[in-house]
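One file, work.txt, is given below (compact mmCIF, C-alpha atoms and all ligand atoms).
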# COMPACT_ATOMS: atom_id res chain seq x y z
CA MET A 55 -90.15 9.89 -23.26
CA ASN A 56 -86.83 9.37 -25.00
CA VAL A 57 -84.24 7.24 -23.19
CA PHE A 58 -80.69 6.43 -24.25
CA ALA A 59 -78.36 3.86 -22.66
CA THR A 60 -74.62 4.29 -23.25
CA ARG A 61 -74.11 0.50 -23.33
CA LYS A 62 -76.01 -2.34 -24.92
CA LEU A 63 -78.06 -3.83 -22.08
CA PRO A 64 -79.29 -7.43 -21.71
CA GLN A 65 -82.42 -8.01 -23.76
CA GLU A 66 -84.69 -8.66 -20.77
CA VAL A 67 -83.73 -5.19 -19.49
CA SER A 68 -84.11 -3.37 -22.80
CA ASP A 69 -87.44 -5.14 -23.48
CA LYS A 70 -88.81 -3.75 -20.23
CA LEU A 71 -87.68 -0.25 -21.21
CA LYS A 72 -89.15 -0.52 -24.72
CA GLN A 73 -92.59 -1.20 -23.25
CA GLN A 74 -92.55 2.14 -21.46
CA VAL A 75 -90.33 4.60 -23.31
CA ASP A 76 -88.86 5.39 -26.70
CA TYR A 77 -85.63 3.49 -26.07
CA SER A 78 -82.31 3.38 -27.89
CA GLU A 79 -78.86 2.20 -26.86
CA TRP A 80 -75.22 2.24 -27.89
CA HIS A 81 -74.40 -0.75 -30.08
CA SER A 82 -71.65 -2.20 -27.91
CA GLU A 83 -71.64 -4.01 -24.58
CA GLU A 84 -68.06 -3.08 -23.83
CA GLN A 85 -66.77 -0.32 -26.08
CA ALA A 86 -67.05 3.13 -24.48
CA MET A 87 -68.59 6.04 -26.37
CA THR A 88 -66.44 9.02 -27.27
CA LYS A 89 -67.51 12.40 -25.97
CA GLY A 90 -68.68 13.44 -29.46
CA GLU A 91 -70.72 10.26 -29.91
CA LEU A 92 -72.28 10.75 -26.50
CA MET A 93 -73.19 14.40 -27.16
CA ASP A 94 -74.78 13.43 -30.48
CA ALA A 95 -76.72 10.54 -28.99
CA ILE A 96 -78.37 12.39 -26.11
CA LYS A 97 -79.65 15.51 -27.91
CA GLU A 98 -83.28 14.42 -27.60
CA ALA A 99 -82.93 12.34 -24.43
CA ASP A 100 -85.23 12.78 -21.43
CA GLY A 101 -83.28 10.10 -19.61
CA ILE A 102 -79.82 8.52 -19.84
CA ILE A 103 -78.55 5.23 -18.46
CA SER A 104 -74.84 5.88 -17.97
CA VAL A 105 -71.79 3.89 -16.91
CA LEU A 106 -68.60 4.95 -15.17
CA SER A 107 -66.57 5.53 -18.33
CA ASP A 108 -68.99 8.21 -19.60
CA GLN A 109 -67.73 11.71 -18.80
CA LEU A 110 -70.97 13.59 -18.13
CA ASP A 111 -69.47 17.05 -17.68
CA ALA A 112 -71.08 20.47 -18.13
CA GLU A 113 -70.45 20.49 -21.88
CA VAL A 114 -72.07 17.09 -22.38
CA LEU A 115 -75.02 18.00 -20.17
CA ALA A 116 -75.53 21.18 -22.22
CA SER A 117 -76.00 19.03 -25.33
CA ALA A 118 -79.10 17.41 -23.76
CA PRO A 119 -81.59 20.23 -23.15
CA HIS A 120 -84.54 17.90 -22.38
CA LEU A 121 -82.65 15.79 -19.87
CA LYS A 122 -84.51 14.98 -16.64
CA VAL A 123 -82.57 12.04 -15.25
CA ILE A 124 -79.13 10.39 -15.36
CA SER A 125 -79.47 6.87 -14.02
CA GLN A 126 -75.95 5.65 -13.38
CA LEU A 127 -75.30 1.92 -13.53
CA ALA A 128 -72.71 2.03 -10.72
CA VAL A 129 -72.40 3.26 -7.16
CA GLY A 130 -69.53 5.65 -7.94
CA ILE A 131 -70.63 8.86 -9.68
CA ASN A 132 -67.32 10.71 -10.03
CA ASN A 133 -67.77 10.71 -13.84
CA ILE A 134 -70.84 12.95 -13.49
CA ASP A 135 -70.84 16.69 -12.78
CA VAL A 136 -73.60 16.33 -10.18
CA LYS A 137 -73.51 20.02 -9.28
CA GLU A 138 -74.13 21.01 -12.89
CA ALA A 139 -76.87 18.37 -13.20
CA THR A 140 -78.56 19.76 -10.08
CA THR A 141 -78.37 23.30 -11.46
CA ARG A 142 -80.06 22.07 -14.62
CA GLY A 143 -82.77 20.30 -12.62
CA VAL A 144 -81.50 16.87 -13.71
CA ARG A 145 -81.90 14.08 -11.16
CA VAL A 146 -78.94 11.73 -10.73
CA THR A 147 -79.35 8.22 -9.33
CA ASN A 148 -76.89 5.38 -8.68
CA THR A 149 -76.85 1.74 -7.50
CA PRO A 150 -75.66 1.50 -3.88
CA ASP A 151 -76.41 -1.45 -1.58
CA VAL A 152 -77.15 -4.04 -4.28
CA LEU A 153 -73.43 -4.29 -5.10
CA THR A 154 -72.01 -4.11 -1.58
CA ASN A 155 -71.47 -7.84 -0.99
CA ALA A 156 -70.21 -8.62 -4.49
CA THR A 157 -67.69 -5.76 -4.30
CA ALA A 158 -66.55 -6.79 -0.82
CA ASP A 159 -66.11 -10.37 -2.10
CA LEU A 160 -63.92 -9.27 -5.01
CA THR A 161 -61.92 -7.06 -2.66
CA PHE A 162 -61.29 -10.06 -0.46
CA ALA A 163 -60.54 -12.28 -3.44
CA LEU A 164 -57.81 -9.85 -4.54
CA LEU A 165 -56.52 -9.48 -0.98
CA LEU A 166 -56.18 -13.26 -0.68
CA ALA A 167 -54.68 -13.54 -4.15
CA ALA A 168 -51.97 -11.03 -3.22
CA ALA A 169 -51.40 -12.60 0.21
CA ARG A 170 -50.94 -16.07 -1.29
CA LYS A 171 -49.36 -15.05 -4.63
CA LEU A 172 -52.05 -16.79 -6.63
CA SER A 173 -51.12 -15.41 -10.06
CA ALA A 174 -47.53 -16.55 -9.64
CA ALA A 175 -48.75 -19.90 -8.27
CA SER A 176 -51.02 -20.45 -11.24
CA ALA A 177 -48.24 -19.51 -13.66
CA GLU A 178 -45.86 -21.93 -11.94
CA VAL A 179 -48.22 -24.85 -12.55
CA ARG A 180 -49.22 -23.89 -16.11
CA GLU A 181 -45.68 -23.08 -17.24
CA GLY A 182 -44.19 -26.33 -15.98
CA ASN A 183 -42.08 -24.74 -13.24
CA TRP A 184 -43.57 -26.86 -10.45
CA LYS A 185 -40.56 -28.99 -9.52
CA SER A 186 -41.52 -30.56 -6.20
CA TRP A 187 -42.61 -29.63 -2.71
CA SER A 188 -40.30 -27.09 -1.14
CA LEU A 189 -40.53 -25.56 2.31
CA LEU A 190 -40.83 -21.93 1.37
CA GLN A 191 -42.37 -22.35 -2.08
CA LEU A 192 -44.50 -19.28 -2.82
CA ALA A 193 -44.65 -18.60 0.92
CA GLY A 194 -47.23 -15.90 1.45
CA LYS A 195 -48.68 -13.70 4.13
CA GLU A 196 -50.97 -14.97 6.89
CA LEU A 197 -54.36 -13.33 7.41
CA SER A 198 -55.17 -14.69 10.87
CA GLY A 199 -54.01 -12.23 13.51
CA ALA A 200 -52.94 -9.66 10.91
CA THR A 201 -54.26 -6.10 10.98
CA ILE A 202 -56.44 -4.91 8.14
CA GLY A 203 -56.71 -1.14 7.79
CA ILE A 204 -59.75 0.05 5.89
CA LEU A 205 -59.80 3.59 4.51
CA GLY A 206 -63.46 4.50 4.13
CA PHE A 207 -66.04 2.82 6.32
CA GLY A 208 -69.20 3.06 4.21
CA ARG A 209 -71.29 0.09 3.21
CA ILE A 210 -68.58 -1.67 1.24
CA GLY A 211 -65.83 -0.89 3.76
CA GLN A 212 -67.97 -2.38 6.51
CA ALA A 213 -68.75 -5.45 4.40
CA VAL A 214 -65.00 -5.96 3.92
CA ALA A 215 -64.55 -5.60 7.69
CA ARG A 216 -67.14 -8.34 8.34
CA ARG A 217 -65.28 -10.68 6.02
CA ALA A 218 -62.00 -9.81 7.74
CA LYS A 219 -63.46 -10.74 11.12
CA GLY A 220 -64.30 -14.16 9.65
CA PHE A 221 -60.58 -14.53 8.91
CA ASP A 222 -59.67 -13.63 12.51
CA MET A 223 -58.13 -10.33 11.50
CA ASN A 224 -57.76 -7.25 13.66
CA VAL A 225 -59.86 -4.54 11.98
CA ILE A 226 -58.97 -0.85 12.14
CA TYR A 227 -60.47 1.87 9.96
CA TRP A 228 -60.34 5.52 9.13
CA ASN A 229 -63.34 7.45 7.89
CA ARG A 230 -64.17 11.16 7.78
CA SER A 231 -66.82 10.51 10.41
CA LYS A 232 -66.50 7.83 13.08
CA LYS A 233 -69.03 5.00 12.87
CA PRO A 234 -69.56 4.02 16.52
CA GLU A 235 -72.48 1.66 15.88
CA ALA A 236 -70.71 -0.22 13.11
CA GLU A 237 -67.55 -0.36 15.28
CA VAL A 238 -69.44 -2.18 18.00
CA GLU A 239 -71.48 -4.39 15.68
CA ILE A 240 -68.46 -5.50 13.62
CA GLY A 241 -65.69 -5.20 16.18
CA ALA A 242 -63.59 -2.58 14.42
CA THR A 243 -61.57 0.30 15.87
CA TYR A 244 -61.27 3.85 14.55
CA GLN A 245 -57.71 5.17 14.12
CA GLU A 246 -56.29 8.38 12.72
CA PHE A 247 -55.44 8.21 9.02
CA GLU A 248 -51.67 8.00 9.53
CA ASP A 249 -52.03 5.40 12.27
CA VAL A 250 -54.02 3.17 9.96
CA LEU A 251 -51.23 3.45 7.37
CA LYS A 252 -48.56 2.63 9.96
CA GLN A 253 -50.35 -0.33 11.54
CA ALA A 254 -51.96 -2.06 8.58
CA ASP A 255 -50.60 -5.37 7.32
CA PHE A 256 -53.27 -5.09 4.65
CA LEU A 257 -54.43 -1.61 3.61
CA VAL A 258 -57.74 -1.58 1.76
CA ILE A 259 -59.05 1.56 0.07
CA MET A 260 -62.84 1.81 0.14
CA LEU A 261 -63.47 5.51 -0.49
CA PRO A 262 -65.45 7.15 -3.26
CA PHE A 263 -63.30 9.35 -5.50
CA ALA A 264 -63.41 13.11 -5.07
CA PRO A 265 -60.93 15.61 -6.57
CA GLU A 266 -59.53 16.47 -3.11
CA LEU A 267 -58.77 12.75 -2.58
CA LYS A 268 -56.64 12.48 -5.73
CA TYR A 269 -53.43 10.58 -4.87
CA LEU A 270 -54.58 10.17 -1.28
CA ILE A 271 -51.98 7.40 -1.22
CA GLY A 272 -48.74 8.81 -2.61
CA GLU A 273 -45.04 8.60 -1.85
CA GLU A 274 -45.30 9.98 1.71
CA GLU A 275 -48.21 7.76 2.66
CA LEU A 276 -46.56 4.65 1.21
CA ALA A 277 -43.42 5.48 3.18
CA LEU A 278 -45.43 5.28 6.41
CA MET A 279 -46.58 1.75 5.63
CA LYS A 280 -44.89 -1.45 6.76
CA SER A 281 -42.52 -2.76 4.12
CA ASP A 282 -44.24 -6.17 4.22
CA ALA A 283 -47.74 -4.68 3.88
CA ILE A 284 -50.13 -5.31 1.01
CA LEU A 285 -52.24 -2.55 -0.60
CA VAL A 286 -55.65 -3.37 -2.06
CA ASN A 287 -57.57 -0.87 -4.21
CA THR A 288 -60.98 -1.75 -5.59
CA ALA A 289 -62.38 1.78 -5.25
CA ARG A 290 -61.02 4.24 -7.84
CA GLY A 291 -57.61 4.36 -9.47
CA GLY A 292 -57.12 8.09 -8.92
CA LEU A 293 -56.93 7.58 -5.16
CA VAL A 294 -53.43 6.10 -5.56
CA ASP A 295 -50.37 7.66 -7.17
CA GLU A 296 -49.43 4.78 -9.46
CA ALA A 297 -45.89 6.03 -10.10
CA ALA A 298 -45.21 6.16 -6.36
CA LEU A 299 -46.81 2.73 -5.90
CA TYR A 300 -44.58 1.28 -8.60
CA GLU A 301 -41.46 2.67 -6.93
CA ALA A 302 -42.50 1.34 -3.52
CA LEU A 303 -43.22 -2.15 -4.87
CA LYS A 304 -40.06 -2.27 -6.94
CA ASN A 305 -37.83 -1.10 -4.10
CA GLY A 306 -39.17 -3.43 -1.43
CA LYS A 307 -40.99 -0.69 0.48
CA LEU A 308 -44.27 -2.57 0.05
CA ALA A 309 -44.78 -6.32 -0.36
CA ALA A 310 -47.56 -6.41 -2.93
CA ALA A 311 -50.57 -4.64 -4.38
CA ALA A 312 -53.92 -5.88 -5.65
CA LEU A 313 -55.74 -3.55 -8.01
CA ASP A 314 -59.15 -3.72 -9.63
CA VAL A 315 -59.01 -0.05 -10.63
CA PHE A 316 -56.53 2.22 -12.41
CA GLU A 317 -56.16 5.89 -13.06
CA LYS A 318 -56.67 5.24 -16.78
CA GLU A 319 -58.98 2.38 -17.71
CA PRO A 320 -58.43 0.12 -19.52
CA VAL A 321 -54.90 0.22 -18.08
CA PRO A 322 -52.38 0.20 -20.98
CA THR A 323 -50.63 -3.18 -21.20
CA ASP A 324 -47.24 -1.45 -21.08
CA HIS A 325 -48.03 0.15 -17.71
CA PRO A 326 -45.02 -0.29 -15.38
CA LEU A 327 -47.18 -1.82 -12.62
CA LEU A 328 -48.04 -4.72 -14.94
CA THR A 329 -44.36 -5.66 -15.20
CA LEU A 330 -44.14 -6.44 -11.47
CA PRO A 331 -44.68 -9.99 -10.21
CA ASN A 332 -46.07 -8.76 -6.88
CA VAL A 333 -49.11 -7.06 -8.40
CA GLU A 334 -52.48 -8.82 -8.76
CA VAL A 335 -54.82 -7.14 -11.22
CA ALA A 336 -58.41 -7.30 -12.44
CA PRO A 337 -60.31 -5.19 -15.00
CA HIS A 338 -62.65 -3.22 -12.68
CA ILE A 339 -65.00 -6.12 -11.96
CA GLY A 340 -65.75 -5.43 -8.29
CA SER A 341 -69.52 -5.73 -8.59
CA SER A 342 -69.52 -8.33 -11.36
CA THR A 343 -71.50 -11.31 -10.24
CA LEU A 344 -74.40 -12.20 -12.51
CA ALA A 345 -76.95 -11.65 -9.75
CA THR A 346 -75.54 -8.28 -8.72
CA ARG A 347 -75.08 -6.91 -12.22
CA MET A 348 -78.69 -7.84 -13.08
CA GLU A 349 -79.91 -6.22 -9.85
CA MET A 350 -77.91 -3.10 -10.71
CA ALA A 351 -79.47 -2.99 -14.19
CA ASN A 352 -82.99 -3.43 -12.80
CA LEU A 353 -82.47 -0.78 -10.11
CA THR A 354 -81.11 1.58 -12.76
CA VAL A 355 -84.26 1.09 -14.84
CA ARG A 356 -86.58 1.55 -11.83
CA ASN A 357 -84.79 4.76 -10.83
CA LEU A 358 -84.97 6.12 -14.36
CA LEU A 359 -88.65 5.32 -14.85
CA ALA A 360 -89.56 6.69 -11.42
CA VAL A 361 -88.10 10.11 -12.24
CA LEU A 362 -89.70 10.19 -15.70
CA ASP A 363 -92.97 9.30 -13.98
CA GLY A 364 -92.64 12.25 -11.60
CA LYS A 365 -91.93 9.98 -8.62
CA GLU A 366 -89.06 9.80 -6.14
CA PRO A 367 -86.35 7.32 -7.24
CA GLU A 368 -85.21 4.60 -4.79
CA THR A 369 -81.56 5.64 -4.65
CA PRO A 370 -81.14 9.32 -5.57
CA VAL A 371 -77.78 11.12 -5.55
CA ASN A 372 -79.15 14.68 -5.75
C1 LIG B 401 -67.96 0.51 -9.64
O1 LIG B 401 -66.84 0.89 -9.57
C2 LIG B 401 -69.08 1.28 -9.19
O2 LIG B 401 -68.89 2.45 -8.84
O3 LIG B 401 -70.20 0.75 -9.20
C1 LIG B 402 -70.10 3.44 -1.17
O1 LIG B 402 -71.08 3.91 -1.69
C2 LIG B 402 -70.21 2.34 -0.25
O2 LIG B 402 -71.26 1.70 -0.30
O3 LIG B 402 -69.27 2.10 0.52

Rewrite the coordinates I just gave you, this time as structure tokens.
Ligand code: GLV
Ligand code: GLV
Amino acid sequence: MNVFATRKLPQEVSDKLKQQVDYSEWHSEEQAMTKGELMDAIKEADGIISVLSDQLDAEVLASAPHLKVISQLAVGINNIDVKEATTRGVRVTNTPDVLTNATADLTFALLLAAARKLSAASAEVREGNWKSWSLLQLAGKELSGATIGILGFGRIGQAVARRAKGFDMNVIYWNRSKKPEAEVEIGATYQEFEDVLKQADFLVIMLPFAPELKYLIGEEELALMKSDAILVNTARGGLVDEAALYEALKNGKLAAAALDVFEKEPVPTDHPLLTLPNVEVAPHIGSSTLATRMEMANLTVRNLLAVLDGKEPETPVN
């Protein structure tokens, strides 16, 4: 069986693959493949290990006539045309669960960083602008007693809610379906979408991307939010209208934003959002702890080999 990975994987992972399949991989750990390079590389592939920057659309899938499995090294699969894959009899798998806690941690790290202005605080020390103690120096936003509104109450949304309870926050959520058991277990309350926007002191987006959710948070939605609220997005950039977010932050309609994801990644360094002091940013590293990333890689390999072996993968998408 011929397997291609669109990123260079750690040697202990690729060694395992080489024992079982005819394995090759892209030469870079961080540089994404172009569409042409990808189509060339997967002509003979029975299996692909893909990452979220690979656009596996109908045209790309058509270039891989032997393909049996796409094992995605991520939980989000919006870069894959799953419908087309299903039509072609190609199994798609992803990596849920193993990254839930790491992603919830990073979400909370960014939320805290925005609440307490950590980037500005760090810059003040490093740049020699720390004069003395002053009463309202870098005065931030309190978590205790504040309301966190979570849009999307899947595994990661619920893990964020558990952390919020540890910070004595009031937890409200919106999800397409209510989650009564999780509500009771965690102590969270379902609210209508607009009510979550209106009540949240911290609004955290924890939804998978789908075309109908593009710009779920745009000008109108931002206008419903409290002007001292903080928006956190560690899900997918396309869920937020970045131009509207910029205007809201610049004009004092929103206190701050913390973003691990962008509509275009890597985000260009001249992006207007990066000029604002009240924006915390990270380069899409939600799941990136060493333990979690290795678990994701190992799960990806197990899923891939299971399908090639004619077995049911652990975490199928289709
Ligand atoms: C990261 O964004 C993932 O989908 O795993
Ligand atoms: C999404 O897959 C989640 O785990 O919330």

message: Quick one: residues within 6 Å of range 266-273 of chain A, all atoms listed in the file, excluding same-chain residues fewer than 6 positions away - as a ChimeraX atom specification?
response: /A:292-295,298

Please dump the current selection as a short mmCIF file (atom, residue, chain, number, x, y, z; two decimals), in the coordinates of the input; keep C-alpha atoms.
data_model
loop_
_atom_site.label_atom_id
_atom_site.label_comp_id
_atom_site.auth_asym_id
_atom_site.auth_seq_id
_atom_site.Cartn_x
_atom_site.Cartn_y
_atom_site.Cartn_z
CA GLY A 292 -57.12 8.09 -8.92
CA LEU A 293 -56.93 7.58 -5.16
CA VAL A 294 -53.43 6.10 -5.56
CA ASP A 295 -50.37 7.66 -7.17
CA ALA A 298 -45.21 6.16 -6.36
#

- request: Work out how far apart CA of Ala283 in chain A and CA of Tyr227 in chain A are and give it in Å to one decimal.
  value: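 Going from CA of Ala283 in chain A over to CA of Tyr227 in chain A, I get 15.6 Å.
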
message: Please return as an MDAnalysis selection string the residues found within 12 Å of ligand LIG 401 (chain B), counting only C-alpha atoms and all ligand atoms.
response: chainID A and resid 104:107 126:134 147:158 160:161 210 260:263 287:291 314:316 319 337:342 346:347 349:351 354

message: Set the distance at 12 Å and use all atoms listed in the file: which residues neighbour Ile202 in chain A once local chain neighbours fewer than 3 positions away are removed? I'd like the list as a PyMOL selection string.
response: chain A and resi 162+165+196-199+205+211-212+214-219+221-228+242-245+249-259+283-286

Where's the centre, and what are the edge lengths in Å to one decimal, of a box along x, y and z enclosing all listed atoms of range 105-113 of chain A padded 4 Å per side, as AutoDock Vina command-line options?
--center_x -69.2 --center_y 12.2 --center_z -18.5 --size_x 13.2 --size_y 24.6 --size_z 14.7

query: Pick from A:Glu235, A:Pro64, A:Glu113, A:Ile204: nearest to ligand LIG 402 (chain B), with all atoms listed in the file counted?
result: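 Closest to ligand LIG 402 (chain B), using all atoms listed in the file: A:Ile204.
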
- prompt: What lies within 10 Å of Arg142 in chain A using all atoms listed in the file, ignoring chain neighbours under 5 positions off, as a ChimeraX atom specification?
  reply: /A:112,115-116,119-122,136-137

Selected residues written out, C-alpha atoms, as an mmCIF file, in the frame of the given file:
data_model
loop_
_atom_site.group_PDB
_atom_site.id
_atom_site.type_symbol
_atom_site.label_atom_id
_atom_site.label_comp_id
_atom_site.auth_asym_id
_atom_site.auth_seq_id
_atom_site.Cartn_x
_atom_site.Cartn_y
_atom_site.Cartn_z
ATOM 1 C CA ALA A 112 -71.080 20.470 -18.130
ATOM 2 C CA LEU A 115 -75.020 18.000 -20.170
ATOM 3 C CA ALA A 116 -75.530 21.180 -22.220
ATOM 4 C CA PRO A 119 -81.590 20.230 -23.150
ATOM 5 C CA HIS A 120 -84.540 17.900 -22.380
ATOM 6 C CA LEU A 121 -82.650 15.790 -19.870
ATOM 7 C CA LYS A 122 -84.510 14.980 -16.640
ATOM 8 C CA VAL A 136 -73.600 16.330 -10.180
ATOM 9 C CA LYS A 137 -73.510 20.020 -9.280
#

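Atom pair CA of Arg61 in chain A / CA of Thr140 in chain A has a distance of 23.8 Å (rounded to one decimal).
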
message: Given only C-alpha atoms and all ligand atoms as the basis, pick out the residue of A:Arg209, A:Lys318, A:Lys70, A:Arg230 nearest to ligand LIG 402 (chain B).
response: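 Result for the nearest residue to ligand LIG 402 (chain B): A:Arg209.
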
task: Using only C-alpha atoms and all ligand atoms, pick whichever of A:Ala213, A:Ala345, A:Leu353, A:Ala302 has the shortest atom-to-atom distance to ligand LIG 402 (chain B).
output: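 With only C-alpha atoms and all ligand atoms as the atom set, the closest residue is A:Ala213.
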
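Closest approach to Phe58 in chain A among A:Ala193, A:Asp282, A:Gly182, A:Leu358 is made by A:Leu358 (distances from all atoms listed in the file).
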